[in-house]
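Please read the structure below before turning to the comments.
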Amino acid sequence: MPPRAKSAPSPSRACVPLPASTSRQRPLYWIRAEGPERSGSNCGEPVPIVTGSHVYLIDGSGFIFRAFHALPPLTRKSDGLPVGAVAGFCNILWNELSRATSNGKSATHLAVVFDHSSDTFRNTIYPEYKANRPDLPEDLRPQFPLTREATRAFNVACLETDGYEADDIIATLAKHAVEAGGTCTI
């Protein structure tokens, strides 16, 4: 594959949902980065992770909080909607996409993984799980759906599963990728 310019990630990322089941019996399918073997094909077509694949997984939930707490408040002028975390998230995501496509071993598969909700299987096991954590800031709450939209606007797979945190999903996907003969960067 020819080297890419370091300033821009590939615009031909496919946004493919993860199958409902990620059991070992089913191949792991989702996003595939641009490559010569994909020229002219439908980029939305699922591609299995195989030997030699390089999976790049991004913790989107972590990025949202990092951006929210690092930047001053920013609102959309038209309606006052807070968007500072979204802007910061997009900047961080752009940097990660640039790194994923230019670090010597380009990603063949890429996804941003989000927490689905505040309740997970851990709350069933231990009801006090994260009970001491402060409530979500009201300015941050409306920005979560916007960061998912932004991820899709970058044409990157946006993954989340009800009842699981992003870390759980990332660990599972990384394990499956390695088992399928690929490598993984988190």
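Letters A, B, ... mark the chains of the structure tokens in the order given; residue numbers begin at 1 per chain; ligand numbers begin at 1, in order shown.
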Which neighbours of range 112-116 of chain A fall inside 8 Å, counting only C-alpha atoms, when residues of the same chain fewer than 6 positions from it are skipped, and could you give them as a ChimeraX atom specification? /A:57-61,151,156-166,169-170
From the list A:Glu96, A:His109, A:Leu74, A:Ala87, the nearest residue to Leu173 in chain A using only C-alpha atoms is A:His109
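Rounded to one decimal, CA of Ile186 in chain A and CA of Ala171 in chain A lie 9.0 Å from each other.
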Taking into account only C-alpha atoms, which residue in the set A:Pro134, A:Thr124, A:Ala150, A:Ile49 is nearest to Ile92 in chain A? A:Ala150
For Gly80 in chain A, list every protein, DNA or RNA residue within 12 Å, evaluated using only C-alpha atoms, and leave out those in the same chain fewer than 6 positions away; present the list as a ChimeraX atom specification. /A:73-74,139,142
Save the residues we just selected, N, CA, C and O atoms, as a PDB file, in the first residue's frame?
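Saved as result-v7.pdb:
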```
ATOM      1  N   PRO A  73     -15.976  26.277  28.171  1.00  0.00           N
ATOM      2  CA  PRO A  73     -17.314  26.076  27.601  1.00  0.00           C
ATOM      3  C   PRO A  73     -17.448  26.775  26.244  1.00  0.00           C
ATOM      4  O   PRO A  73     -16.918  27.856  26.029  1.00  0.00           O
ATOM      5  N   LEU A  74     -18.140  26.101  25.348  1.00  0.00           N
ATOM      6  CA  LEU A  74     -18.394  26.641  24.013  1.00  0.00           C
ATOM      7  C   LEU A  74     -19.838  26.288  23.673  1.00  0.00           C
ATOM      8  O   LEU A  74     -20.258  25.157  23.874  1.00  0.00           O
ATOM      9  N   ASP A 139     -24.152  20.309  31.147  1.00  0.00           N
ATOM     10  CA  ASP A 139     -23.641  20.820  29.869  1.00  0.00           C
ATOM     11  C   ASP A 139     -23.067  19.710  28.996  1.00  0.00           C
ATOM     12  O   ASP A 139     -22.943  19.876  27.784  1.00  0.00           O
ATOM     13  N   PRO A 142     -26.099  16.734  26.629  1.00  0.00           N
ATOM     14  CA  PRO A 142     -26.579  16.821  25.238  1.00  0.00           C
ATOM     15  C   PRO A 142     -25.490  16.630  24.190  1.00  0.00           C
ATOM     16  O   PRO A 142     -25.785  16.525  23.001  1.00  0.00           O
TER      17      PRO A 142
END
```
Tell me, counting only C-alpha atoms, for each residue of range 43-133 of chain A within 10 Å of range 177-184 of chain A, which pair of atoms is nearest and how far apart they are in Å to one decimal, in rows ordered by chain and increasing number, as a tab-separated table.
```
residue	atom	partner	partner_atom	distance
A:Pro48	CA	A:Ala180	CA	8.9
A:Ile49	CA	A:Ala180	CA	6.3
A:Val50	CA	A:Ala180	CA	5.4
A:Thr51	CA	A:Gly181	CA	4.0
A:Gly52	CA	A:Gly182	CA	5.1
A:Ser53	CA	A:Gly182	CA	4.5
A:His54	CA	A:Thr183	CA	4.8
A:Val55	CA	A:Cys184	CA	4.5
A:Tyr56	CA	A:Cys184	CA	5.8
A:Leu57	CA	A:Cys184	CA	7.4
A:Ala107	CA	A:Cys184	CA	8.7
A:Thr108	CA	A:Gly182	CA	9.6
A:His109	CA	A:Cys184	CA	9.2
A:Leu110	CA	A:Cys184	CA	9.8
```
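For the atom pair formed by CA of His176 in chain A and CA of Phe121 in chain A, the distance is 20.5 Å, given to one decimal.
Going from CA of Val86 in chain A to CA of Thr147 in chain A covers 5.5 Å.
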Just asking: which residues within range 20-173 of chain A are strand (DSSP E or B) according to DSSP, as number ranges by chain? A: 29-30, 47-48, 54-59, 75, 82, 109-113, 157-159
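Distances to Phe144 in chain A were evaluated for A:Ser117, A:Asn132, A:Asn123, A:Asn91 using only C-alpha atoms, and the minimum falls at A:Ser117.
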Which of range 28-179 of chain A counts as alpha helix (DSSP H) under DSSP, as a PyMOL selection string please? chain A and resi 60-70+84-100+121-125+143-153+166-179
